Each structure stands twice: as C-alpha cells, then as structure tokens.
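Data first, discussion second: the structure below is written as structure tokens.
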Amino acid sequence: MTSAARASRPMVLAGGAVLLLALGLVVLMLVRPSSSAPATAASAAAPAETSADVGFARDMAVHHQQAVEMSFIVRDRTSDVAVRRLAYDIINTQANQRGMMLGWLETWGRAKSSPGPPMAWMGHDVTPRGDGALMPGMATDAELDALRAAEGRDAEVRFLKLMTAHHRAGAEMAQAAATAAGTDEIRNLASGMVLGQQSEIALMADMLKERGATA
C-alpha cells in the first residue's frame, strides 16, 4: 500500500463515521416526540370521573371481591367436586376481572374507590344498610358468618343461593355498563360478564335442584 493510500484511509473512516452520526441524528429527530406534543392516547381517552366506565369499574371490583370471598369460604366447607369446581372458576375469573378493572382505573388516573354512594352512575340511590351488603345482591355480614359456620350440603345450598342473588345483581350492573360505557374495554368486559354470570345462574339452579332447594 502506498503512503498516499495509507494517509487517505483515516480520512475515509472519519468521513464515514460523520455520515453515520448525521444519519442517526436525523432518525432521532424524526422519531423523538416534541416537547409540545399532545397527551398520549391513553390519557386523552381517560373517561370522566362521573362516567359509567369509572363507576362500573369501582363498583364491580367491590362486588367481585365478595364473590371471591364466598367462593373461598365454600371451598373449605365442602368436599363436593361440582361445588368446589364452580368456586374455583369464580375465584379465578372474578379475581382476574377485578385486577383488570383496578388496572384500568390506575391507567385512567382515577381513584380505586369513591366517597360517593355506589351505583350512582346507574342512577341508583343506594344507601348502605350497615349490614355489610353495600350493593344489591351482596351478602350481609350475618349471611357470610352463617356460610362460614355451615358444612357439607348446608354450606353448598347457602353458597349457591347467595351466589345466585349475587350474580343476578352483577349481571344487571354489567348490562347497564355494556350499554352506557364509553370505552371498548368496559363494554367488552361487561358484555362478557353478562353472558358468563347468566350461564352460571342456570348452572346453580340445576345444582340447587339436585340438592332439593331453590334460589
């Protein structure tokens, strides 16, 4: 290699490096959001504090929590395979849905609970009765205590009756949200809840009949 070629090689490398750096800066300018860019889609689309989306997410999270609690109770009070399988299904499904709703509230920048009365987004005037049943369909503290004290068939029947009432009210709330919500997340989740809980209501009616009881 001649001395001239050796001398020009660093210049070529340096030139190439400069070109790559320039191209990188151009790409960065194209993809980097400006400081004056509008809010993200998620924050811009966050539903209002008084919306059906926020109200439903808060209320159904509370409603689901009690369903999960009752399912854990009956799981330990009976050895019946069908009842325990139903309890596991409710625990898994409703705990997962509850987590989704609480996650959306956080994403929307909304508190997970409201100081106002429940179900106001539905136009209901629900006044807590002081017995633990915060919303329609929810079991009272006394009913939960009785379920904890029961065993075998007695526990199964108590659970199926309480959960049927719980599901009926939950399906009504979910139907209202499926109609009134403004976000696809809530509309889709609520619609699925209606179908799922109506199916379990029918199943529980058959299970109660097998045990000589009705809801």
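Each chain in the structure tokens gets a letter, A, B, ..., in the order shown, and its residues are numbered from 1; ligands are numbered from 1 in order too.
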Quick check for you: according to DSSP on this backbone, which residues of segment 11-209 of chain A are classed as helix (DSSP H, G or I)? Reply as a ChimeraX atom specification.
/A:11-31,41-44,52-75,81-107,120-122,141-149,152-180,184-209
Find the residues around Val126 of chain A up to 9 Å (only C-alpha atoms counted), leave out those fewer than 4 positions away in its own chain, and share them as a list of chain:residue names.
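Non-adjacent residues within range: A:Pro117, A:Pro118, A:Met119, A:Ala120, A:Leu134, A:Met135, A:Pro136.
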Taking all heavy atoms for each residue, export the selection above as an mmCIF file, in the first residue's frame.
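Below is the file out_27.cif, written as the result:
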data_model
loop_
_atom_site.group_PDB
_atom_site.id
_atom_site.type_symbol
_atom_site.label_atom_id
_atom_site.label_comp_id
_atom_site.auth_asym_id
_atom_site.auth_seq_id
_atom_site.Cartn_x
_atom_site.Cartn_y
_atom_site.Cartn_z
ATOM 1 N N PRO A 117 -71.913 7.506 46.902
ATOM 2 C CA PRO A 117 -72.657 6.249 47.018
ATOM 3 C C PRO A 117 -72.409 5.348 45.820
ATOM 4 O O PRO A 117 -72.156 5.835 44.710
ATOM 5 C CB PRO A 117 -74.115 6.714 47.073
ATOM 6 C CG PRO A 117 -74.118 8.025 46.348
ATOM 7 C CD PRO A 117 -72.803 8.661 46.686
ATOM 8 N N PRO A 118 -72.473 4.042 46.011
ATOM 9 C CA PRO A 118 -72.276 3.120 44.882
ATOM 10 C C PRO A 118 -73.436 3.190 43.902
ATOM 11 O O PRO A 118 -74.541 3.590 44.256
ATOM 12 C CB PRO A 118 -72.205 1.746 45.563
ATOM 13 C CG PRO A 118 -72.971 1.922 46.837
ATOM 14 C CD PRO A 118 -72.714 3.332 47.273
ATOM 15 N N MET A 119 -73.154 2.831 42.677
ATOM 16 C CA MET A 119 -74.132 2.714 41.605
ATOM 17 C C MET A 119 -74.789 4.035 41.216
ATOM 18 O O MET A 119 -75.826 4.050 40.544
ATOM 19 C CB MET A 119 -75.197 1.668 41.961
ATOM 20 C CG MET A 119 -74.609 0.286 42.231
ATOM 21 S SD MET A 119 -75.821 -0.965 42.732
ATOM 22 C CE MET A 119 -76.662 -1.247 41.183
ATOM 23 N N ALA A 120 -74.174 5.158 41.600
ATOM 24 C CA ALA A 120 -74.716 6.459 41.194
ATOM 25 C C ALA A 120 -74.652 6.606 39.679
ATOM 26 O O ALA A 120 -75.499 7.271 39.073
ATOM 27 C CB ALA A 120 -73.940 7.585 41.872
ATOM 28 N N LEU A 134 -73.208 -3.817 50.594
ATOM 29 C CA LEU A 134 -73.009 -2.466 50.078
ATOM 30 C C LEU A 134 -73.831 -2.183 48.829
ATOM 31 O O LEU A 134 -74.139 -1.032 48.535
ATOM 32 C CB LEU A 134 -71.524 -2.248 49.767
ATOM 33 C CG LEU A 134 -70.566 -2.426 50.940
ATOM 34 C CD1 LEU A 134 -69.129 -2.223 50.483
ATOM 35 C CD2 LEU A 134 -70.909 -1.463 52.066
ATOM 36 N N MET A 135 -74.159 -3.238 48.082
ATOM 37 C CA MET A 135 -74.915 -3.085 46.841
ATOM 38 C C MET A 135 -75.910 -4.225 46.696
ATOM 39 O O MET A 135 -75.783 -5.249 47.377
ATOM 40 C CB MET A 135 -73.948 -3.087 45.643
ATOM 41 C CG MET A 135 -73.178 -1.801 45.445
ATOM 42 S SD MET A 135 -71.908 -1.942 44.146
ATOM 43 C CE MET A 135 -70.529 -2.591 45.116
ATOM 44 N N PRO A 136 -76.909 -4.063 45.815
ATOM 45 C CA PRO A 136 -77.870 -5.148 45.600
ATOM 46 C C PRO A 136 -77.179 -6.452 45.241
ATOM 47 O O PRO A 136 -76.189 -6.467 44.510
ATOM 48 C CB PRO A 136 -78.706 -4.628 44.421
ATOM 49 C CG PRO A 136 -78.643 -3.136 44.548
ATOM 50 C CD PRO A 136 -77.248 -2.851 45.040
#
If you take only C-alpha atoms and a cut-off of 10 Å, which residues of segment 98-169 of chain A touch segment 186-203 of chain A, and what are their nearest atom pairs and distances in Å to one decimal, in chain and number order, as a Markdown table?
| residue | atom | partner | partner_atom | distance |
| --- | --- | --- | --- | --- |
| A:Met100 | CA | A:Leu189 | CA | 9.4 |
| A:Met101 | CA | A:Ile186 | CA | 8.3 |
| A:Trp104 | CA | A:Ile186 | CA | 9.2 |
| A:Leu160 | CA | A:Ile201 | CA | 9.0 |
| A:Lys161 | CA | A:Ile201 | CA | 9.8 |
| A:Met163 | CA | A:Ile201 | CA | 8.3 |
| A:Thr164 | CA | A:Ile201 | CA | 5.7 |
| A:Ala165 | CA | A:Ile201 | CA | 8.8 |
| A:His166 | CA | A:Gln197 | CA | 9.4 |
| A:His167 | CA | A:Gln197 | CA | 5.7 |
| A:Arg168 | CA | A:Ile201 | CA | 7.5 |
| A:Ala169 | CA | A:Gln197 | CA | 9.8 |
Across A:Arg211, A:Arg58, A:Arg75, A:His124, the smallest distance to Asp154 of chain A, with only C-alpha atoms counted, is shown by A:Arg211
Find the spatial neighbours of Ala57 of chain A, counting only C-alpha atoms, within a cut-off of 7 Å - ignore same-chain residues fewer than 4 positions away - and output them as a list in words.
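With the cut-off at 7 Å, the set is Asp53, Ala61, Met101 and Leu102 of chain A.
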Go ahead and write the residues just picked, N, CA and C atoms, as a PDB file, in the first residue's frame.
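Okay, result_23.pdb is ready:
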ATOM      1  N   ASP A  53     -67.984   4.141  32.936  1.00  0.00           N
ATOM      2  CA  ASP A  53     -66.774   3.317  32.912  1.00  0.00           C
ATOM      3  C   ASP A  53     -66.104   3.301  34.285  1.00  0.00           C
ATOM      4  N   ALA A  61     -65.596  -4.026  41.031  1.00  0.00           N
ATOM      5  CA  ALA A  61     -64.419  -4.535  41.741  1.00  0.00           C
ATOM      6  C   ALA A  61     -64.792  -4.929  43.170  1.00  0.00           C
ATOM      7  N   MET A 101     -59.967  -4.322  36.082  1.00  0.00           N
ATOM      8  CA  MET A 101     -60.690  -3.067  36.340  1.00  0.00           C
ATOM      9  C   MET A 101     -59.869  -2.114  37.201  1.00  0.00           C
ATOM     10  N   LEU A 102     -59.221  -2.634  38.223  1.00  0.00           N
ATOM     11  CA  LEU A 102     -58.378  -1.783  39.059  1.00  0.00           C
ATOM     12  C   LEU A 102     -57.197  -1.244  38.251  1.00  0.00           C
TER      13      LEU A 102
END
A:Asp76, A:Glu151, A:Asp141, A:Glu185: which is nearest Gly103 of chain A, counting only C-alpha atoms?
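Smallest distance to Gly103 of chain A is found for A:Glu185.
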